[in-house]
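Scroll down for the structure; my scribbles are underneath it.
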Amino acid sequence: MPRPPRYHLTSYGCQMNKLDAELVESRLVGAGYERASHDGEADVVLLNTCSVRQHAEDRVWSRLGVLRAQKRQRPELVVGVLGCMAQEHQRYLLARMPHVDLVVGPSAFGDIDAKVDEARQRNAGRRADDRRGAHVLAVGEGVSGDAIVRDPRVRPHRSQAWVSVMRGCNMPCSYCIVPSTRGPELSRPIPVIVEEVQRLCDDGVTEITLLGQTVNAYGRDLGPGVTLARLLRALHEIPALRRIAFITSHPNFLSAELIDALAELPRVARFLHLPAQSGSDRILKAMRRGYTAARYLARVDQLRAKAPDVVLHSDFIVGYPGESEAEFQASVDLMERVRFAQSYIFKYSPRPGTLAAELVDDVPDAVKAERNARLLEVQERHLASAAQALVGTVQEVLVEGESKVDGRWTGRTVHHRLVHFPSGDRVALGCYLPVRITQALGHSLLGELLAEDHAEVRAGARA
Ligand code: SF4
């Protein structure tokens, strides 16, 4: 009997991309494909790509160069580019990399197995230099990945899973390519999401992260009353679910209803990713973010008044076109005021196809680098003092895996803080264990394992 065809899939970029990769794998495994451990033993090599930053694209271009050499040796090998670069570059991609057989955008993953089959048939018996009619191109319209009935066994962690609740984005941010690669917002109905999460829980999942580019705008395309808050309340009814997180939120949709849900639902994770991007009103307007720094801070104050234990995460862009020293200082001031638990700080780089790419990128690289370092320094200072304040407290840690340091395990608190601790002999992957924090390291905490029925954790102690 011939062996089943094998695929090797690499995913770049955000969590949404990683989830898409799981859905694609789910579909391929369901169609009889087997996972290969590396490109060399695969019949089909798939790259699930990201266009948000130049660096992510560069890695894909270079990997495709390596695959070109492999394809010369094995003309029947199917090379596929999936995701944002497929959508964004389409025919340019085929012109620059003619050895690519398959180009599939994020809105057309739903029948990926059929597309891979078609590419394999077209390739069968073909010579390496014969590329006539070789490509399968599926971008724009198509069957969405959300149409895939997910195989709950195909996921990287036993107790954790990502769940897509919506795709696309309707916001007009001037620097962002997502609305053109992912299309407009499309939310999944609450019962469909609840059913998927229930199946995941039946298979051992206890922590989910709901994914959407603007996850707290969830439901506005489904009609009045369908909101993220209602979805959280529906999911909170599933007894096996111990943590429910959601990313990424837009400040404009942090509603009173959502704040109430965060305050009232104890199993909703205690961190909120709420990118500020800048503290300068002029820059926020140029970015078309739709809020001012004062409005952002007012939302944060409302949240903290009702749910003071929720920590905030942010993103910042430094060196946006025209950003003056005073405008950059406004970002520093906003960070000092909010004291985020963590922030991703990016030096602005223009993405072709965005509005901002038409502006003169006039902040010199050295200035961008210097501002990046200064903002990072503020963030690190806040991180260090928050971590130090946790020393001596007891945290409930969901064990995610073995640490890089021998004999230690790694997990996360309900605030998404990374904790390492010596394993002892009772530790098991996917367990929730009480750990006393003994030391604050740079970006993580060190702790010691306590008896499993430790009272402080039973009482739900949180810092
Ligand atoms: S909210 Fe803005 S930055 Fe976020 S995905 Fe949409 S357009 Fe991009």
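For the structure tokens, the naming scheme is as follows: chains receive sequential letters (A, B, ...) according to their order of presentation, residues are indexed from 1 within each chain, and ligands are indexed from 1 in presentation order.
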
Site check for ligand 1: residues at most 9 Å away, only C-alpha atoms and all ligand atoms, as a ChimeraX atom specification: /A:52,168-180,182,212-214,248-250,275,277,287-289

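Every protein or nucleic acid residue with an atom no more than 7 Å from stretch 23-32 of chain A, counting only C-alpha atoms and leaving out same-chain residues fewer than 3 positions away, appears here: A:Pro4, A:Leu19, A:Asp20, A:Phe109, A:Ile112, A:Asp113, A:Gly145, A:Ile148, A:Arg150, A:Asp151, A:Val154.
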
Those same residues, written as a PDB file, in the first residue's frame with C-alpha atoms?
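Listed below is the output, selection35.pdb:
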```pdb
ATOM      1  CA  PRO A   4      -0.037   8.598   2.911  1.00  0.00           C
ATOM      2  CA  LEU A  19      -4.587  29.085  14.768  1.00  0.00           C
ATOM      3  CA  ASP A  20      -5.078  29.152  10.987  1.00  0.00           C
ATOM      4  CA  PHE A 109      -8.508  27.967   3.830  1.00  0.00           C
ATOM      5  CA  ILE A 112      -7.249  23.667   1.600  1.00  0.00           C
ATOM      6  CA  ASP A 113      -6.990  19.865   1.287  1.00  0.00           C
ATOM      7  CA  GLY A 145     -11.011  28.652   7.682  1.00  0.00           C
ATOM      8  CA  ILE A 148     -13.512  23.979   9.110  1.00  0.00           C
ATOM      9  CA  ARG A 150     -11.974  21.590  13.943  1.00  0.00           C
ATOM     10  CA  ASP A 151     -10.304  18.393  15.024  1.00  0.00           C
ATOM     11  CA  VAL A 154      -4.764  19.021  16.451  1.00  0.00           C
TER      12      VAL A 154
END
```

Picked from stretch 165-402 of chain A by DSSP as strand (DSSP E or B), as a PyMOL selection string: chain A and resi 166-167+186-187+207-211+243-247+268+271-273+277+311-318+342-347+394-402

Please save C-alpha atoms of the selected residues as a PDB file, in the first residue's frame.
```
ATOM      1  CA  MET A 166     -14.026  36.843  14.290  1.00  0.00           C
ATOM      2  CA  ARG A 167     -11.918  37.574  11.242  1.00  0.00           C
ATOM      3  CA  LEU A 186     -16.885  38.614  10.133  1.00  0.00           C
ATOM      4  CA  SER A 187     -17.979  37.266  13.514  1.00  0.00           C
ATOM      5  CA  GLU A 207      -7.799  27.571  29.053  1.00  0.00           C
ATOM      6  CA  ILE A 208      -8.890  29.280  25.864  1.00  0.00           C
ATOM      7  CA  THR A 209      -7.791  32.488  24.187  1.00  0.00           C
ATOM      8  CA  LEU A 210     -10.390  34.073  21.945  1.00  0.00           C
ATOM      9  CA  LEU A 211      -8.795  35.640  18.876  1.00  0.00           C
ATOM     10  CA  ARG A 243      -9.398  30.589  32.141  1.00  0.00           C
ATOM     11  CA  ILE A 244     -10.849  32.623  29.281  1.00  0.00           C
ATOM     12  CA  ALA A 245      -8.552  35.220  27.697  1.00  0.00           C
ATOM     13  CA  PHE A 246      -9.116  37.362  24.613  1.00  0.00           C
ATOM     14  CA  ILE A 247      -6.822  39.374  22.309  1.00  0.00           C
ATOM     15  CA  VAL A 268     -11.911  35.582  32.661  1.00  0.00           C
ATOM     16  CA  PHE A 271      -4.986  40.831  31.618  1.00  0.00           C
ATOM     17  CA  LEU A 272      -6.158  43.008  28.778  1.00  0.00           C
ATOM     18  CA  HIS A 273      -4.156  43.780  25.645  1.00  0.00           C
ATOM     19  CA  GLN A 277       0.116  53.060  19.969  1.00  0.00           C
ATOM     20  CA  VAL A 311      -3.284  44.274  34.261  1.00  0.00           C
ATOM     21  CA  LEU A 312      -2.848  46.066  30.950  1.00  0.00           C
ATOM     22  CA  HIS A 313      -0.648  45.237  27.963  1.00  0.00           C
ATOM     23  CA  SER A 314       0.023  47.682  25.146  1.00  0.00           C
ATOM     24  CA  ASP A 315       1.669  48.220  21.764  1.00  0.00           C
ATOM     25  CA  PHE A 316       3.469  51.427  20.806  1.00  0.00           C
ATOM     26  CA  ILE A 317       4.812  52.667  17.493  1.00  0.00           C
ATOM     27  CA  VAL A 318       7.729  55.098  17.715  1.00  0.00           C
ATOM     28  CA  GLN A 342       4.112  44.651  29.231  1.00  0.00           C
ATOM     29  CA  SER A 343       4.381  46.540  25.953  1.00  0.00           C
ATOM     30  CA  TYR A 344       5.507  45.661  22.475  1.00  0.00           C
ATOM     31  CA  ILE A 345       7.354  48.641  21.054  1.00  0.00           C
ATOM     32  CA  PHE A 346       7.875  48.901  17.314  1.00  0.00           C
ATOM     33  CA  LYS A 347       9.917  51.292  15.231  1.00  0.00           C
ATOM     34  CA  VAL A 394       1.379  32.667  45.945  1.00  0.00           C
ATOM     35  CA  GLN A 395       0.208  32.358  42.340  1.00  0.00           C
ATOM     36  CA  GLU A 396      -1.845  29.720  40.611  1.00  0.00           C
ATOM     37  CA  VAL A 397       0.275  28.579  37.657  1.00  0.00           C
ATOM     38  CA  LEU A 398      -0.978  26.656  34.650  1.00  0.00           C
ATOM     39  CA  VAL A 399       1.950  24.408  33.724  1.00  0.00           C
ATOM     40  CA  GLU A 400       2.777  24.868  30.015  1.00  0.00           C
ATOM     41  CA  GLY A 401       5.916  22.755  29.652  1.00  0.00           C
ATOM     42  CA  GLU A 402       9.483  22.118  30.651  1.00  0.00           C
TER      43      GLU A 402
END
```

Given only C-alpha atoms as the counted atoms, nearest of A:Met85, A:Val367, A:Val104, A:Leu265 to A:Glu237: A:Leu265

Secondary structure check, helix (DSSP H, G or I) residues of stretch 54-274 of chain A, as a PyMOL selection string: chain A and resi 54-73+84-96+106-108+112-123+145-147+178-182+190-202+215-217+228-236+251-253+256-264

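Omitting A:Ser280 and its sequence neighbours fewer than 3 positions away, and counting only C-alpha atoms, the residues within 8 Å are Ile283, Leu284, Thr292, Ala293, Glu327, Phe328, Ala330 and Ser331 of chain A.
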
Computed interatomic separation between atom CA of A:His135 and atom CA of A:Leu102 (Å): 5.6 Å

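In terms of minimum interatomic distance to A:Val60, A:Cys84 ranks closest within A:Cys84, A:Glu196, A:Val405, A:Glu41, counting only C-alpha atoms.
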
Non-local contacts of A:Val332 (8 Å; only C-alpha atoms; under 5 positions in same chain excluded) as JSON, numbers by chain: {"A": [279, 375, 378]}

Point-to-point distance in Å for atom CA of A:Gly105 and atom CA of A:Val139: 4.5 Å

Close residues, stretch 76-81 of chain A itself excluded, 6 Å, only C-alpha atoms, min 2 positions apart in chain, as a list in words: Asp43, Val44, Val45, Leu46, Leu47, Arg74, Ala86, Val100, Asp101, Leu102, Val103, Asn123 and Ala124 of chain A

Best match for closeness to A:Lys71 among A:Ala256, A:Thr49, A:Gly40, A:Ile437, counting only C-alpha atoms: A:Gly40

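Atom CA of A:Pro321 sits 6.7 Å away from atom CA of A:Leu359.
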
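Between A:Ser159 and the residues A:Pro189, A:Ala428, A:Asn372, A:Pro308, the shortest atom-to-atom distance, using only C-alpha atoms, involves A:Ala428.
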
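Closest approach to A:Arg412 among A:Gly204, A:Pro434, A:Gly424, A:Gly322: A:Pro434, based on only C-alpha atoms.
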
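Proximity to A:Ala386 at 12 Å, evaluated using only C-alpha atoms and with sequence-adjacent residues fewer than 3 positions away removed, yields Val311, Leu312, Arg339, Phe340, Ala341, Gln342, Gln379, Glu380, Arg381, His382, Leu383, Ala389, Leu390, Val391, His415, Arg417, Gln439, Ala440, Leu441, Gly442, His443, Ser444, Leu445 and Ala463 of chain A.
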
Output C-alpha atoms for every residue in that selection, as a PDB file, in the first residue's frame.
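File written: out_17.pdb
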```
ATOM      1  CA  VAL A 311      -3.284  44.274  34.261  1.00  0.00           C
ATOM      2  CA  LEU A 312      -2.848  46.066  30.950  1.00  0.00           C
ATOM      3  CA  ARG A 339       2.213  51.448  34.024  1.00  0.00           C
ATOM      4  CA  PHE A 340       1.548  48.577  31.635  1.00  0.00           C
ATOM      5  CA  ALA A 341       2.506  45.052  32.647  1.00  0.00           C
ATOM      6  CA  GLN A 342       4.112  44.651  29.231  1.00  0.00           C
ATOM      7  CA  GLN A 379       8.535  49.662  30.314  1.00  0.00           C
ATOM      8  CA  GLU A 380      11.307  47.518  31.818  1.00  0.00           C
ATOM      9  CA  ARG A 381      11.333  49.669  34.943  1.00  0.00           C
ATOM     10  CA  HIS A 382       7.581  49.192  35.414  1.00  0.00           C
ATOM     11  CA  LEU A 383       7.884  45.486  34.704  1.00  0.00           C
ATOM     12  CA  ALA A 389       5.983  43.284  44.248  1.00  0.00           C
ATOM     13  CA  LEU A 390       4.993  39.688  43.530  1.00  0.00           C
ATOM     14  CA  VAL A 391       7.901  38.156  45.450  1.00  0.00           C
ATOM     15  CA  HIS A 415      -2.180  37.631  34.717  1.00  0.00           C
ATOM     16  CA  ARG A 417       3.108  36.233  33.844  1.00  0.00           C
ATOM     17  CA  GLN A 439      12.588  35.903  42.777  1.00  0.00           C
ATOM     18  CA  ALA A 440      11.845  38.415  40.021  1.00  0.00           C
ATOM     19  CA  LEU A 441      13.942  37.769  36.913  1.00  0.00           C
ATOM     20  CA  GLY A 442      14.045  40.016  33.813  1.00  0.00           C
ATOM     21  CA  HIS A 443      10.888  38.890  32.010  1.00  0.00           C
ATOM     22  CA  SER A 444       9.807  36.056  34.248  1.00  0.00           C
ATOM     23  CA  LEU A 445       9.467  34.965  37.844  1.00  0.00           C
ATOM     24  CA  ALA A 463      -1.621  40.037  42.904  1.00  0.00           C
TER      25      ALA A 463
END
```
